[in-house]
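**Q** Sharing a structure here in structure tokens format.
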Amino acid sequence: MGTYLATSYTIRDRLLQLWNDTQEYYKKEKVKQVCYISIEFLMGRFLQNAIINLNLEENYKKALAGMGYALEEIYEEELDPALGNGGLGRLAACFLDTLATHNYPAWGYGLRYNYGLFKQSIGTDGEQLEKTDIWLDKPYPFMVENHFIRIPIGFCGTVEDYVDPNTKETKEESNRSIWKPSEYVIAQANDILIPGYGTDNTNTLRLWSARAVEELDFEKFSFGDFKGASEQRLNAENLTNVLYPNDNEAEGKELRFKQQYFLVAATLYDIIRRLKEQKRPLEELPDFSAIQLNDTHPTLAIPELMRILVDQEMIEWDKAWEITQKTFSYTNHTILPEALERWPVKLITKLLPRHMQIIEMINWKFLEKNSQVGQNNKSKELRSKLSIIENSWDTLVRMAWLGCIGSHKVNGVSPIHSNIIKDQLFSHFSSIWPKKFVNVTNGVTPRRWLHACNPKLSDLITSTLESDDWIYDLSHLSKLREFADNEDFQLKWAAIKQYNKKKLQRFVKEQFGLDIGVHDVIYDVQIKRIHEYKRQLMNILSHVYNYLQIKKMTEEEKKQLEKKVVIIAGKAAPGYKAAKMIIKLINRVSKVINNDPEIGDLLKVIYIPNYSVTIAELLIPATDVSEHISTPGTEASGTSNMKFVLNGAITLGTYDGANLEIIENIGEENVFTFGIKASEVSQVKQNNIEKGAWNLMPKSLQGVLGIIEEGKFGDPEEFRMILQELKGVDRYILGNDFTSYLQAQKVINETWKNPEKWWKMSIIGCAGSGWASSDRTIKDYAETIWDIKPCPLPKIESNSQLN
Ligand code: GL4
């Protein structure tokens, strides 16, 4: 730990200086900035990334080796802060890397949770166990508490009429009121410095933590009431204690709502403070900063900005609304109904009474303008579709509606997803504002996801292209296509895969005591959150089928088979019963298969617990086949699919999310595709409902379910819920896709027998992944939504001295 800390502090020193220079320069230049608000930032380890970005890896390696230390080992000592659940938070982290690398004046804003996403382990029964992640227990040198930035955030209280101090009159048409919160919590800024690759520009990720206004009630303390004395502090700190562990599912807890408001209120205060520092009026906010709302979690920023502008800054409503719409843009990341946030009006009224009034006013004005007030059914129907307020089991505020109405641009994250948003989820809005809805396809940073995690492949690419320009501009990879058939290049490419597989093999041996092969073994990997729509269940059921087939084979037949190691990893939200059952089933199946002497090394199934960014960095470079097998129309984009192709894994995928972009860019002949298209899904679902999924299910799958029900993997009661779902409605249409999934696996096995073909596909995949860089994504956002430009720090004395 000591060496890690010492190394990290030297890097931090350097970054602090660059960061100061950068911030001063942005101020001086008065450039427009972007603020990216996200309830999650899944950053991964910091040290290696910073050393690489500062172009110091060789120097540090040498210097440390001289003292008897290996830099790689020091990297391994770092914790991996889990301040996000999955793709949404990791995307935000990739964006920060790109923004700094390409010199964009940018801020990330999020929360500094005391406890990150729970740590997962697997119990003896195969079940998921959860433990609190107390990451702040260990020193974390890359986050700096900024003592100058502390902001009071109000909650609850009352709303009073605004009285004009001159005329002593209240004016209803001003829409102005005075909110008197009854509680305050302090937002404390904690800054993480974000270095760019090959540039001095260093940006900020500002994470807010909650503190009490009064740390200790001294009076209570003096009278011996020690518990009461700290009550306020504990209540306040509770606000940013935990990251809610849901991905693609809304969490209806009051505390979560408070977190969301806390995040946006502190952030807006901070942005406006910087605007005022420049002595610029609030009318200039849209020219000063673009604010991107990463999904609906920060959409309370819309009524909060309206409150600041109308109630505090005395700007007239319509003007304030214009400023608000021009400032914000909103990204939708999912269309799953259970993930679309809706908060009860009652709850908002209690916690943020003034904001509820503002939301109602926004809604009223919007409906007045955009729907006829007629009483016929059609106009009523349109009104209820458009309304931010929904009357269902309760009166609810639809946060996605608020995001659409209050932003000038709304984007989806892949073409198929953006089309679904425009034509289905928000069709009623897109007919009002056709130009508001745009697509910005996700991307990943090539620095972390190729250059750093797969150094050997990075070197091979650089030497082959005779330049490392691809690290900044990934489109250069296209030149690799020329080498796809080159025998010598293929051998080098394959050798690197072997090397990465050996690393993973060692890890598996150390962690699980399990021996897996490397040569002639297909590493087939599915790593992501466990969710029914992602269909890990289909994956494991297919291997139960394969297992049963192998058991029926003669020794001669077995010799013809390809060996496979199936690796699955991912966490399930602790309250998500079906997902937890799937984890249990995977582990039970794994136990049976791995211990069956008749199977030997033909098939192994490994579940890797506690999936994290760091584990992804180990697994992705070692993968031959990567699975992205969601039901078409459900995965908004997926981003690990991009990381895998970039590292030479071949995709086994459905026609969904960004898989479609992979297919388009590298050709379907270089992807193992299967299953139906999104346009066919509703018909299949309808058939399932009408005829019963069991009756439509292929015999192969029926047989597999039969074996589970016989108790081959333990008491079938433990899997009742997921089995019933499959036999009943099968919402994610596993039954329908099962046969073509098995067929795709056969094609994979056949292709594996032909190494020239395999490595050619693998190389073409990487060569065709230039589009998958988050550098391209951010350029799209900067040009089409944010209207911001790079602002590179000139190489002045104080900076160049550092290099
Ligand atoms: C997600 C989507 O599920 C995922 O497809 C997408 O890649 C990611 C980033 O846009 O956002 N939405 C939610 S919610 N969690 C995700 O990972």
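All residue names refer to the structure tokens as shown: chains lettered A, B, ... in order, residues numbered from 1 in each chain, ligands numbered from 1 in order.
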List the spatial neighbours of A:Asp21 as a PDB file with N, CA and C atoms, in the first residue's frame - criterion: any atom at most 9 Å away, only C-alpha atoms, same-chain residues fewer than 3 positions off excluded.

**A**
```pdb
ATOM      1  N   LEU A  16      -2.517  18.158 -10.061  1.00  0.00           N
ATOM      2  CA  LEU A  16      -3.062  19.358  -9.412  1.00  0.00           C
ATOM      3  C   LEU A  16      -2.566  20.617 -10.104  1.00  0.00           C
ATOM      4  N   GLN A  17      -1.301  20.586 -10.463  1.00  0.00           N
ATOM      5  CA  GLN A  17      -0.744  21.758 -11.125  1.00  0.00           C
ATOM      6  C   GLN A  17      -1.369  21.964 -12.514  1.00  0.00           C
ATOM      7  N   LEU A  18      -1.474  20.874 -13.249  1.00  0.00           N
ATOM      8  CA  LEU A  18      -2.080  20.967 -14.582  1.00  0.00           C
ATOM      9  C   LEU A  18      -3.540  21.394 -14.485  1.00  0.00           C
ATOM     10  N   GLU A  24      -7.735  27.914 -14.811  1.00  0.00           N
ATOM     11  CA  GLU A  24      -7.444  29.343 -15.018  1.00  0.00           C
ATOM     12  C   GLU A  24      -7.600  29.710 -16.493  1.00  0.00           C
ATOM     13  N   TYR A  25      -7.110  28.821 -17.323  1.00  0.00           N
ATOM     14  CA  TYR A  25      -7.147  29.103 -18.760  1.00  0.00           C
ATOM     15  C   TYR A  25      -8.586  29.134 -19.281  1.00  0.00           C
ATOM     16  N   TYR A  26      -9.384  28.177 -18.868  1.00  0.00           N
ATOM     17  CA  TYR A  26     -10.795  28.171 -19.291  1.00  0.00           C
ATOM     18  C   TYR A  26     -11.478  29.488 -18.871  1.00  0.00           C
ATOM     19  N   ASP A 200      -2.181  18.515 -21.739  1.00  0.00           N
ATOM     20  CA  ASP A 200      -2.089  19.041 -20.377  1.00  0.00           C
ATOM     21  C   ASP A 200      -3.464  19.326 -19.785  1.00  0.00           C
ATOM     22  N   ASN A 201      -4.462  19.434 -20.650  1.00  0.00           N
ATOM     23  CA  ASN A 201      -5.803  19.747 -20.135  1.00  0.00           C
ATOM     24  C   ASN A 201      -6.237  18.723 -19.083  1.00  0.00           C
ATOM     25  N   THR A 202      -6.655  19.237 -17.961  1.00  0.00           N
ATOM     26  CA  THR A 202      -7.087  18.373 -16.862  1.00  0.00           C
ATOM     27  C   THR A 202      -8.419  18.893 -16.338  1.00  0.00           C
ATOM     28  N   LEU A 793      -4.926  23.804 -23.737  1.00  0.00           N
ATOM     29  CA  LEU A 793      -4.056  24.638 -22.922  1.00  0.00           C
ATOM     30  C   LEU A 793      -2.755  24.842 -23.693  1.00  0.00           C
ATOM     31  N   SER A 798       5.193  26.767 -17.279  1.00  0.00           N
ATOM     32  CA  SER A 798       4.954  25.968 -16.081  1.00  0.00           C
ATOM     33  C   SER A 798       4.500  24.551 -16.438  1.00  0.00           C
ATOM     34  N   ASN A 799       3.824  24.413 -17.599  1.00  0.00           N
ATOM     35  CA  ASN A 799       3.392  23.074 -17.978  1.00  0.00           C
ATOM     36  C   ASN A 799       4.527  22.268 -18.556  1.00  0.00           C
TER      37      ASN A 799
END
```

**Q** Could I get the residues of chain A with an atom no further than 7 Å from an atom of ligand 1, each paired with its nearest atom pair and that distance in Å to one decimal, using only C-alpha atoms and all ligand atoms, sorted by chain and residue number, as a Markdown table?

**A**
```
| residue | atom | partner | partner_atom_place_in_ligand_line | distance |
| --- | --- | --- | --- | --- |
| A:Gly86 | CA | ligand 1 | 17 (O) | 5.1 |
| A:Gly87 | CA | ligand 1 | 17 (O) | 3.3 |
| A:Leu88 | CA | ligand 1 | 9 (C) | 4.0 |
| A:Leu91 | CA | ligand 1 | 9 (C) | 5.7 |
| A:Asp247 | CA | ligand 1 | 14 (S) | 5.2 |
| A:Asn248 | CA | ligand 1 | 14 (S) | 3.9 |
| A:Glu249 | CA | ligand 1 | 14 (S) | 6.9 |
| A:His333 | CA | ligand 1 | 12 (N) | 4.2 |
| A:Thr334 | CA | ligand 1 | 12 (N) | 4.8 |
| A:Ala339 | CA | ligand 1 | 14 (S) | 6.6 |
| A:Val413 | CA | ligand 1 | 10 (O) | 5.6 |
| A:Asn442 | CA | ligand 1 | 10 (O) | 6.3 |
| A:Glu635 | CA | ligand 1 | 5 (O) | 4.4 |
| A:Ala636 | CA | ligand 1 | 5 (O) | 3.9 |
| A:Ser637 | CA | ligand 1 | 5 (O) | 3.9 |
| A:Gly638 | CA | ligand 1 | 7 (O) | 3.4 |
| A:Thr639 | CA | ligand 1 | 7 (O) | 4.9 |
| A:Gly657 | CA | ligand 1 | 5 (O) | 6.8 |
```

**Q** Contacts of A:Leu99 at 12 Å or less, counting only C-alpha atoms, minus same-chain residues fewer than 3 places along, as a tab-separated table (two decimals) with C-alpha atoms, in the first residue's frame?

**A**
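Generated output (around_38.tsv):
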```
chain	number	residue	atom	x	y	z
A	33	GLN	CA	-18.33	24.43	-21.17
A	34	VAL	CA	-20.40	21.30	-20.83
A	35	CYS	CA	-21.61	19.97	-17.50
A	36	TYR	CA	-22.48	16.30	-17.51
A	92	ALA	CA	-20.13	8.65	-18.21
A	93	ALA	CA	-16.57	7.68	-17.23
A	94	CYS	CA	-15.56	7.05	-20.86
A	95	PHE	CA	-16.98	10.45	-21.77
A	96	LEU	CA	-14.84	12.18	-19.14
A	102	HIS	CA	-9.80	16.25	-26.79
A	103	ASN	CA	-9.45	19.39	-24.67
A	104	TYR	CA	-13.12	20.12	-24.17
A	105	PRO	CA	-13.93	22.40	-21.24
A	106	ALA	CA	-16.03	19.95	-19.29
A	107	TRP	CA	-17.25	19.11	-15.82
A	108	GLY	CA	-18.68	15.88	-14.56
A	194	ILE	CA	-9.39	13.98	-14.96
A	195	PRO	CA	-6.28	13.85	-17.12
A	196	GLY	CA	-6.52	13.62	-20.88
A	197	TYR	CA	-4.29	11.43	-23.01
A	199	THR	CA	-2.56	16.75	-23.35
A	201	ASN	CA	-5.80	19.75	-20.13
A	202	THR	CA	-7.09	18.37	-16.86
A	203	ASN	CA	-10.81	18.52	-16.11
A	204	THR	CA	-12.91	18.02	-13.01
A	205	LEU	CA	-15.30	15.37	-11.84
A	445	THR	CA	-12.56	5.13	-24.68
A	472	TYR	CA	-6.56	9.58	-30.44
A	774	SER	CA	-16.26	7.70	-27.38
A	775	ASP	CA	-14.15	10.38	-29.14
A	776	ARG	CA	-16.56	10.09	-32.05
A	777	THR	CA	-19.54	10.12	-29.67
A	778	ILE	CA	-18.38	13.26	-27.91
A	779	LYS	CA	-17.67	15.02	-31.18
A	780	ASP	CA	-21.30	14.31	-32.12
A	781	TYR	CA	-22.59	15.72	-28.83
A	782	ALA	CA	-20.29	18.73	-29.02
A	788	ILE	CA	-18.83	23.59	-27.56
A	789	LYS	CA	-15.30	23.65	-28.94
A	790	PRO	CA	-11.96	22.29	-27.75
A	791	CYS	CA	-9.83	24.71	-25.76
A	792	PRO	CA	-6.32	23.24	-25.56
```

**Q** Residues at most 12 Å from stretch 686-701 of chain A, counting only C-alpha atoms, excluding those fewer than 4 positions away in the same chain, as a VMD selection string?

**A** chain A and resid 537 to 546 548 to 549 680 to 682 705 to 708 723 to 743

**Q** Keeping C-alpha atoms, export the residues of the selection given above as a short mmCIF file (atom, residue, chain, number, x, y, z; two decimals), in the first residue's frame.

**A**
```cif
data_model
loop_
_atom_site.label_atom_id
_atom_site.label_comp_id
_atom_site.auth_asym_id
_atom_site.auth_seq_id
_atom_site.Cartn_x
_atom_site.Cartn_y
_atom_site.Cartn_z
CA LEU A 537 -30.78 -17.69 -18.69
CA MET A 538 -30.82 -18.65 -22.36
CA ASN A 539 -27.04 -18.93 -22.26
CA ILE A 540 -26.98 -21.34 -19.32
CA LEU A 541 -29.92 -23.38 -20.62
CA SER A 542 -28.11 -23.86 -23.92
CA HIS A 543 -25.16 -25.31 -22.04
CA VAL A 544 -27.39 -27.67 -20.13
CA TYR A 545 -28.53 -28.82 -23.55
CA ASN A 546 -24.94 -29.14 -24.80
CA LEU A 548 -26.81 -33.52 -22.21
CA GLN A 549 -25.73 -33.98 -25.80
CA GLU A 680 -41.09 -9.46 -35.12
CA VAL A 681 -41.06 -9.40 -31.34
CA SER A 682 -44.61 -8.25 -30.70
CA LEU A 705 -36.55 -27.66 -18.46
CA GLY A 706 -37.55 -31.24 -17.82
CA ILE A 707 -34.09 -32.07 -16.48
CA ILE A 708 -34.15 -29.07 -14.17
CA LEU A 723 -39.39 -21.83 -15.04
CA GLN A 724 -42.98 -20.70 -14.82
CA GLU A 725 -42.18 -17.53 -16.68
CA LEU A 726 -40.58 -19.54 -19.50
CA LYS A 727 -43.45 -21.97 -19.76
CA GLY A 728 -46.14 -19.35 -19.40
CA VAL A 729 -45.63 -16.10 -21.28
CA ASP A 730 -41.87 -16.09 -21.90
CA ARG A 731 -41.72 -12.30 -22.15
CA TYR A 732 -38.15 -12.31 -23.39
CA ILE A 733 -38.86 -15.00 -25.98
CA LEU A 734 -36.14 -17.46 -25.10
CA GLY A 735 -38.18 -20.33 -26.49
CA ASN A 736 -38.55 -18.74 -29.86
CA ASP A 737 -34.82 -17.94 -30.22
CA PHE A 738 -33.41 -21.10 -28.64
CA THR A 739 -33.03 -23.15 -31.79
CA SER A 740 -31.27 -20.47 -33.76
CA TYR A 741 -29.04 -19.76 -30.74
CA LEU A 742 -27.91 -23.39 -30.72
CA GLN A 743 -27.42 -23.20 -34.47
#
```

**Q** Which residues are close to A:Trp364, i.e. within 12 Å by only C-alpha atoms, leaving aside same-chain residues fewer than 6 positions away? Reply as a VMD selection string.

**A** chain A and resid 357 to 358 370 to 371 373 383 to 384 386 to 389 405

**Q** Just to be explicit: take each residue in the selection above, keep N, CA and C atoms, and write the result as a PDB file, in the first residue's frame.

**A**
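Saved as selection_31.pdb:
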```pdb
ATOM      1  N   GLN A 357     -45.050  22.846  -7.545  1.00  0.00           N
ATOM      2  CA  GLN A 357     -45.846  23.915  -8.188  1.00  0.00           C
ATOM      3  C   GLN A 357     -45.277  24.248  -9.562  1.00  0.00           C
ATOM      4  N   ILE A 358     -43.969  24.313  -9.627  1.00  0.00           N
ATOM      5  CA  ILE A 358     -43.329  24.674 -10.903  1.00  0.00           C
ATOM      6  C   ILE A 358     -43.578  23.595 -11.952  1.00  0.00           C
ATOM      7  N   ASN A 370     -50.214  22.844 -26.566  1.00  0.00           N
ATOM      8  CA  ASN A 370     -50.082  21.709 -27.478  1.00  0.00           C
ATOM      9  C   ASN A 370     -51.239  20.724 -27.556  1.00  0.00           C
ATOM     10  N   SER A 371     -52.265  20.945 -26.772  1.00  0.00           N
ATOM     11  CA  SER A 371     -53.412  20.044 -26.946  1.00  0.00           C
ATOM     12  C   SER A 371     -54.683  20.862 -26.823  1.00  0.00           C
ATOM     13  N   VAL A 373     -58.360  21.828 -25.735  1.00  0.00           N
ATOM     14  CA  VAL A 373     -58.974  21.590 -24.428  1.00  0.00           C
ATOM     15  C   VAL A 373     -60.281  20.819 -24.573  1.00  0.00           C
ATOM     16  N   ARG A 383     -54.260  14.579 -24.345  1.00  0.00           N
ATOM     17  CA  ARG A 383     -53.825  15.309 -23.137  1.00  0.00           C
ATOM     18  C   ARG A 383     -53.192  14.366 -22.132  1.00  0.00           C
ATOM     19  N   SER A 384     -53.801  13.206 -21.937  1.00  0.00           N
ATOM     20  CA  SER A 384     -53.237  12.325 -20.910  1.00  0.00           C
ATOM     21  C   SER A 384     -51.925  11.693 -21.393  1.00  0.00           C
ATOM     22  N   LEU A 386     -49.733  13.364 -23.265  1.00  0.00           N
ATOM     23  CA  LEU A 386     -48.725  14.427 -23.221  1.00  0.00           C
ATOM     24  C   LEU A 386     -48.390  14.875 -21.802  1.00  0.00           C
ATOM     25  N   SER A 387     -49.315  14.658 -20.902  1.00  0.00           N
ATOM     26  CA  SER A 387     -49.188  15.263 -19.573  1.00  0.00           C
ATOM     27  C   SER A 387     -48.011  14.706 -18.770  1.00  0.00           C
ATOM     28  N   ILE A 388     -47.286  15.619 -18.101  1.00  0.00           N
ATOM     29  CA  ILE A 388     -46.197  15.190 -17.216  1.00  0.00           C
ATOM     30  C   ILE A 388     -46.779  14.436 -16.023  1.00  0.00           C
ATOM     31  N   ILE A 389     -48.016  14.787 -15.701  1.00  0.00           N
ATOM     32  CA  ILE A 389     -48.650  14.147 -14.536  1.00  0.00           C
ATOM     33  C   ILE A 389     -49.518  12.989 -15.005  1.00  0.00           C
ATOM     34  N   ILE A 405     -39.670  17.709 -22.268  1.00  0.00           N
ATOM     35  CA  ILE A 405     -40.285  19.032 -22.432  1.00  0.00           C
ATOM     36  C   ILE A 405     -39.286  20.147 -22.091  1.00  0.00           C
TER      37      ILE A 405
END
```

**Q** Find the residues around A:Gly44 up to 7 Å (only C-alpha atoms counted), leave out those fewer than 5 positions away in its own chain, and share them as a CSV table (one decimal) with N, CA and C atoms, in the first residue's frame.

**A**
```csv
chain,number,residue,atom,x,y,z
A,80,ASP,N,-11.0,-0.3,-6.7
A,80,ASP,CA,-11.8,0.1,-7.9
A,80,ASP,C,-13.1,0.7,-7.4
A,81,PRO,N,-13.2,2.0,-7.4
A,81,PRO,CA,-14.4,2.6,-6.8
A,81,PRO,C,-15.7,2.2,-7.6
A,613,VAL,N,-15.1,-3.1,-13.1
A,613,VAL,CA,-14.3,-2.6,-14.3
A,613,VAL,C,-13.0,-3.4,-14.4
A,614,THR,N,-12.3,-3.6,-13.2
A,614,THR,CA,-11.0,-4.2,-13.2
A,614,THR,C,-11.1,-5.6,-13.8
```

**Q** Identify, on the basis of only C-alpha atoms, every residue whose closest approach to stretch 563-575 of chain A does not exceed 7 Å; exclude the query and any residue fewer than 3 positions from it along the same chain; express the result as a PyMOL selection string.

**A** chain A and resi 120+245-246+520-530+579-580+601-611

**Q** Could you check which of A:Leu5, A:Ala189, A:Ile271, A:Val592 is closest to A:Phe142, using only C-alpha atoms?

**A** A:Leu5

**Q** Taking the DSSP secondary structure from the backbone, can you list the residues of stretch 157-360 of chain A that are alpha helix (DSSP H), as number ranges by chain?

**A** A: 218-222, 226-238, 254-277, 285-288, 301-307, 317-327, 345-351, 353-360
